[in-house]
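Take a look at the structure below.
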Amino acid sequence: MICPTYHVPVLLNEAVDGLLPTEDGIFVDVTFGGGGHSREVLRRIGQGGRLYSFDQDADAEANVPEGERRLTFVRSNFRYLTNWMRYYDVLGKVDGILADLGVSSHHFDAEERGFSFRFDAPLDMRMNGRGGATAADVLNSYSEEELARLLFVYGELKNARKLAAAIVKNRQRADYGSIASLLDVVRPFLPREREKKEMAKVFQALRIEVNHEMDALEEMLNGAVKTLKPGGRLVVLTYHSLEDRMVKNFMKSGNVEGKVETDFYGNRLCPMRTVGKMIVPGEKEQAENPRSRSAKLRIAEKC
Ligand SMILES: C[S@@+](CC[C@H](N)C(=O)[O-])C[C@H]1O[C@@H](n2cnc3c(N)ncnc32)[C@H](O)[C@@H]1O
């Protein structure tokens with residue numbers, strides 16, 4: 001079934017062009033979501049082509065096109081990319097990998113998932129609802145120092161320390177359970193004119209922590225090098241500066257720190273090389289799809 005309201009794909013043509021789809025190529029979409037990018041890949045490859053699409057969220061599976069024998073849906077975190085590729089016997093044989101990072105519009109619209117402060121719902125925020133700590137667990141159990149760190153690093157909030165102190169102080173009165181309980185505590189610390197933007201940063205920080213997004217991204221990038229064949233493409237769409245920096249560094253140097261390594265003779269060692277310049281959505285797409293405004297598309301090729 002195709003669900004148009006689930007998610008509108010960002011930079012659809014540019015991202016799929018970056019993969020250089022071929023008739024009988026093997027491709028991987030590590031973030032299936034509403035399946036917009038995956039369907040475009042399927043449209044461009046031939047009957048001999050293959051697509052492996054990952055998503056850790058059970059809701060995404062409902063968007064898998066029926067009877068499409070070229071597509072294999074993998075209900076898993078993309079951090080296990082190499083294990084699955086080995087399982088399907090395509091490790092080192094893949095022509096292109098696409099990653100469209102973060103959450104889908106569906107996550108923000110599904111009230112009960114707790115991703116959006118537009119609703120009052122349990123503070124969950126897990127993309128994979130099967131297990132693991134929720135945002136409420138993080139708020140109720142992390143130390144003030146740990147909360148300050150994640151609000152500063154993942155939310156880029158200047159007053160992270162003050163926010164963390166207020167969150168912990170309030171915990172003595174009652175546990176965090178609902179979105180409203182968090183908003184009540186945080187709101188007085190946010191400048192009124194930027195309240196929504198700052199609140200979005202608080203939610204982004206919690207979401208990244210709950211879903212271990214940075215660790216999963218690093219593992220997936222390392223796995224991508226093993227998964228691709230020489231000349232194979234890695235195409236990544238990022239939505240915030242932290243993940244974009246990691247991807248940019250990785251494409252330049254082969255590690256997320258961006259440290260260029262050399263061999264004994266001083267030759268640059270790098271498993272990937274950057275292809276072209278970073279691409280951002282044009283004015284029309286940004287106007288039609290507000291989510292696309294922070295998007296950055298980067299492409300690299302395995303050496
Ligand atoms: C931005 S959406 C992708 C949208 C998709 N490109 C489309 O056209 O509809 C990101 C998707 O990736 C999934 N996701 C995020 N991190 C993941 C991870 N570490 N492993 C597997 N899936 C992940 C989310 O559940 C979400 O459905």
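Residues are named by chain letter and number: chains run A, B, ... in the order of the structure tokens, numbers start at 1 in each chain, and ligands are numbered from 1 in the order shown.
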
message: Excluding segment 5-11 of chain A and its own-chain neighbours fewer than 5 positions away, which residues fall within 7 Å of it when counting only C-alpha atoms? Please give them as a PyMOL selection string.
response: chain A and resi 34+36-37+104-106+281+292

For N, CA and C atoms, I'd like the residues from the last selection saved as an mmCIF file, in the first residue's frame.
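Saved to again-v9.cif:
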```
data_model
loop_
_atom_site.group_PDB
_atom_site.id
_atom_site.type_symbol
_atom_site.label_atom_id
_atom_site.label_comp_id
_atom_site.auth_asym_id
_atom_site.auth_seq_id
_atom_site.Cartn_x
_atom_site.Cartn_y
_atom_site.Cartn_z
ATOM 1 N N GLY A 34 8.481 6.150 4.223
ATOM 2 C CA GLY A 34 7.285 6.051 3.383
ATOM 3 C C GLY A 34 7.585 5.363 2.068
ATOM 4 N N GLY A 36 9.333 6.518 -0.517
ATOM 5 C CA GLY A 36 9.396 7.390 -1.704
ATOM 6 C C GLY A 36 10.691 7.196 -2.485
ATOM 7 N N HIS A 37 11.825 7.229 -1.797
ATOM 8 C CA HIS A 37 13.099 7.048 -2.498
ATOM 9 C C HIS A 37 13.209 5.624 -3.041
ATOM 10 N N SER A 104 10.644 10.405 10.071
ATOM 11 C CA SER A 104 9.763 10.764 8.966
ATOM 12 C C SER A 104 8.668 11.694 9.480
ATOM 13 N N SER A 105 7.911 12.275 8.554
ATOM 14 C CA SER A 105 6.777 13.132 8.951
ATOM 15 C C SER A 105 5.788 12.323 9.773
ATOM 16 N N HIS A 106 5.673 11.038 9.457
ATOM 17 C CA HIS A 106 4.761 10.157 10.190
ATOM 18 C C HIS A 106 5.082 10.163 11.690
ATOM 19 N N PRO A 281 17.952 21.651 -1.218
ATOM 20 C CA PRO A 281 16.724 21.819 -2.003
ATOM 21 C C PRO A 281 16.571 23.257 -2.498
ATOM 22 N N SER A 292 12.153 19.994 4.187
ATOM 23 C CA SER A 292 13.343 19.926 3.333
ATOM 24 C C SER A 292 14.317 21.082 3.602
#
```

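Using only C-alpha atoms, the protein and nucleic acid residues lying no more than 12 Å from segment 64-68 of chain A, apart from those fewer than 5 places from it along its own chain, are A:Met1, A:Ile2, A:Cys3, A:Phe32, A:Gly33, A:Gly34, A:Gly35, A:Gly36, A:His37, A:Ser38, A:Arg39, A:Glu40, A:Leu42, A:Arg43, A:Gln47, A:Gly49, A:Arg50, A:Leu51, A:Tyr52, A:Ser53, A:Phe54, A:Asp55, A:Ala58, A:Asp59, A:Phe73, A:Val74, A:Arg75.
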
Non-local contacts of segment 87-97 of chain A (7 Å; only C-alpha atoms; under 3 positions in same chain excluded) as a ChimeraX atom specification: /A:19,25-29,82-84,226-229,232-235

Kindly export the residues of the current selection with N, CA, C and O atoms, as a PDB file, in the first residue's frame.
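Saved the output as result-v7.pdb:
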```pdb
ATOM      1  N   LEU A  19      22.825   7.847  -6.917  1.00  0.00           N
ATOM      2  CA  LEU A  19      23.110   6.406  -6.803  1.00  0.00           C
ATOM      3  C   LEU A  19      23.562   5.802  -8.129  1.00  0.00           C
ATOM      4  O   LEU A  19      24.047   4.667  -8.156  1.00  0.00           O
ATOM      5  N   GLY A  25      21.560  -3.421 -11.225  1.00  0.00           N
ATOM      6  CA  GLY A  25      22.354  -3.057 -10.051  1.00  0.00           C
ATOM      7  C   GLY A  25      21.735  -3.541  -8.745  1.00  0.00           C
ATOM      8  O   GLY A  25      20.559  -3.901  -8.677  1.00  0.00           O
ATOM      9  N   ILE A  26      22.576  -3.567  -7.710  1.00  0.00           N
ATOM     10  CA  ILE A  26      22.117  -3.920  -6.358  1.00  0.00           C
ATOM     11  C   ILE A  26      22.196  -2.656  -5.509  1.00  0.00           C
ATOM     12  O   ILE A  26      23.268  -2.040  -5.405  1.00  0.00           O
ATOM     13  N   PHE A  27      21.059  -2.268  -4.926  1.00  0.00           N
ATOM     14  CA  PHE A  27      20.998  -1.022  -4.157  1.00  0.00           C
ATOM     15  C   PHE A  27      20.432  -1.271  -2.760  1.00  0.00           C
ATOM     16  O   PHE A  27      19.718  -2.246  -2.537  1.00  0.00           O
ATOM     17  N   VAL A  28      20.790  -0.346  -1.856  1.00  0.00           N
ATOM     18  CA  VAL A  28      20.281  -0.440  -0.481  1.00  0.00           C
ATOM     19  C   VAL A  28      19.754   0.933  -0.081  1.00  0.00           C
ATOM     20  O   VAL A  28      20.441   1.944  -0.256  1.00  0.00           O
ATOM     21  N   ASP A  29      18.521   0.952   0.437  1.00  0.00           N
ATOM     22  CA  ASP A  29      17.961   2.166   1.029  1.00  0.00           C
ATOM     23  C   ASP A  29      17.898   1.865   2.528  1.00  0.00           C
ATOM     24  O   ASP A  29      17.075   1.052   2.948  1.00  0.00           O
ATOM     25  N   THR A  82      26.150  -4.483   7.658  1.00  0.00           N
ATOM     26  CA  THR A  82      27.061  -5.503   7.109  1.00  0.00           C
ATOM     27  C   THR A  82      26.579  -6.924   7.427  1.00  0.00           C
ATOM     28  O   THR A  82      26.701  -7.818   6.589  1.00  0.00           O
ATOM     29  N   ASN A  83      26.013  -7.114   8.624  1.00  0.00           N
ATOM     30  CA  ASN A  83      25.502  -8.460   8.968  1.00  0.00           C
ATOM     31  C   ASN A  83      24.432  -8.895   7.968  1.00  0.00           C
ATOM     32  O   ASN A  83      24.438 -10.027   7.473  1.00  0.00           O
ATOM     33  N   TRP A  84      23.510  -7.969   7.679  1.00  0.00           N
ATOM     34  CA  TRP A  84      22.419  -8.320   6.755  1.00  0.00           C
ATOM     35  C   TRP A  84      22.927  -8.525   5.329  1.00  0.00           C
ATOM     36  O   TRP A  84      22.452  -9.401   4.607  1.00  0.00           O
ATOM     37  N   LYS A 226      32.307  -1.440   3.593  1.00  0.00           N
ATOM     38  CA  LYS A 226      32.432  -2.897   3.365  1.00  0.00           C
ATOM     39  C   LYS A 226      31.348  -3.388   2.412  1.00  0.00           C
ATOM     40  O   LYS A 226      31.532  -4.348   1.676  1.00  0.00           O
ATOM     41  N   THR A 227      30.204  -2.737   2.435  1.00  0.00           N
ATOM     42  CA  THR A 227      29.053  -3.185   1.643  1.00  0.00           C
ATOM     43  C   THR A 227      29.195  -2.846   0.153  1.00  0.00           C
ATOM     44  O   THR A 227      28.791  -3.621  -0.716  1.00  0.00           O
ATOM     45  N   LEU A 228      29.786  -1.661  -0.111  1.00  0.00           N
ATOM     46  CA  LEU A 228      29.876  -1.206  -1.505  1.00  0.00           C
ATOM     47  C   LEU A 228      30.974  -1.926  -2.273  1.00  0.00           C
ATOM     48  O   LEU A 228      31.993  -2.307  -1.710  1.00  0.00           O
ATOM     49  N   LYS A 229      30.774  -2.045  -3.565  1.00  0.00           N
ATOM     50  CA  LYS A 229      31.856  -2.530  -4.422  1.00  0.00           C
ATOM     51  C   LYS A 229      32.698  -1.305  -4.831  1.00  0.00           C
ATOM     52  O   LYS A 229      32.207  -0.166  -4.705  1.00  0.00           O
ATOM     53  N   GLY A 232      31.232   2.046  -6.049  1.00  0.00           N
ATOM     54  CA  GLY A 232      29.852   2.125  -5.550  1.00  0.00           C
ATOM     55  C   GLY A 232      29.600   3.451  -4.853  1.00  0.00           C
ATOM     56  O   GLY A 232      30.516   4.066  -4.300  1.00  0.00           O
ATOM     57  N   ARG A 233      28.357   3.901  -4.900  1.00  0.00           N
ATOM     58  CA  ARG A 233      28.011   5.235  -4.384  1.00  0.00           C
ATOM     59  C   ARG A 233      27.362   5.206  -2.994  1.00  0.00           C
ATOM     60  O   ARG A 233      26.532   4.334  -2.718  1.00  0.00           O
ATOM     61  N   LEU A 234      27.720   6.196  -2.182  1.00  0.00           N
ATOM     62  CA  LEU A 234      27.045   6.412  -0.905  1.00  0.00           C
ATOM     63  C   LEU A 234      26.391   7.790  -0.979  1.00  0.00           C
ATOM     64  O   LEU A 234      27.059   8.795  -1.230  1.00  0.00           O
ATOM     65  N   VAL A 235      25.067   7.824  -0.800  1.00  0.00           N
ATOM     66  CA  VAL A 235      24.302   9.073  -0.910  1.00  0.00           C
ATOM     67  C   VAL A 235      23.615   9.305   0.438  1.00  0.00           C
ATOM     68  O   VAL A 235      22.864   8.449   0.903  1.00  0.00           O
TER      69      VAL A 235
END
```

task: Quick one: everything within 7 Å of Ile279 of chain A, counting only C-alpha atoms, minus sequence neighbours fewer than 4 positions away in the same chain. Send it as a list of chain:residue names.
output: A:Lys296, A:Leu297, A:Arg298

- prompt: For Val256 of chain A, which residue out of A:Thr72, A:Thr134, A:Ser294, A:Asn222 is the nearest one, using only C-alpha atoms?
  reply: A:Asn222

- request: Going by DSSP on the backbone, which bits of segment 23-243 of chain A are helix (DSSP H, G or I)? Write them as a ChimeraX atom specification, please.
  value: /A:36-44,58-63,78-87,105-109,111-113,135-141,144-153,160-171,179-189,192-210,213-227,241-243

query: Near Leu217 of chain A, within 9 Å and counting only C-alpha atoms, which residues show up once chain neighbours fewer than 3 positions away are dropped, as a ChimeraX atom specification?
result: /A:78-79,101,212-214,220-222,243,246-247

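Of the listed residues (A:Ala224, A:Val41, A:Ile167, A:Ala99), A:Val41 comes nearest to Asn13 of chain A; the distances count only C-alpha atoms.
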
message: Could you list, as an NGL selection string, every residue within 6 Å of segment 262-271 of chain A, counting only C-alpha atoms and ignoring same-chain residues fewer than 5 positions away?
response: :A and (253-254 or 302-303)

task: Please report, as a ChimeraX atom specification, each residue of segment 88-212 of chain A to which DSSP assigns strand (DSSP E) when run on this structure's backbone.
output: /A:94-100

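Closest to Ile45 of chain A among A:Val185, A:Leu20, A:Met127, A:Ala62 is A:Leu20, based on only C-alpha atoms.
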
- request: Find the spatial neighbours of segment 196-199 of chain A, counting only C-alpha atoms, within a cut-off of 12 Å - ignore same-chain residues fewer than 2 positions away - and output them as a PyMOL selection string.
  value: chain A and resi 115-118+151-152+155-160+163+179+182-194+201-206

query: Which is closer to Asp244 of chain A than all the others in A:Asp100, A:Asp137, A:Glu146, A:Glu111, using only C-alpha atoms?
result: A:Asp100

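Here atom CA of Lys284 of chain A is placed at a distance of 19.1 Å from atom CA of Thr238 of chain A.
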
Coordinates-based distance that separates atom CA of Lys248 of chain A from atom CA of Met272 of chain A (Å, one decimal): 10.9 Å

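You can rank A:Lys169, A:Gly258, A:Gly132, A:Tyr239 by their closest distance to Arg291 of chain A using only C-alpha atoms, and at the top of that list sits A:Tyr239.
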
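In this structure, atom CA of Thr274 of chain A sits 19.7 Å away from atom CA of Leu12 of chain A.
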
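Of the listed residues A:Val236, A:Ala287, A:Ala164, A:Ala174, the one whose atoms come nearest to ligand 1 is A:Val236, with distances taken using only C-alpha atoms and all ligand atoms.
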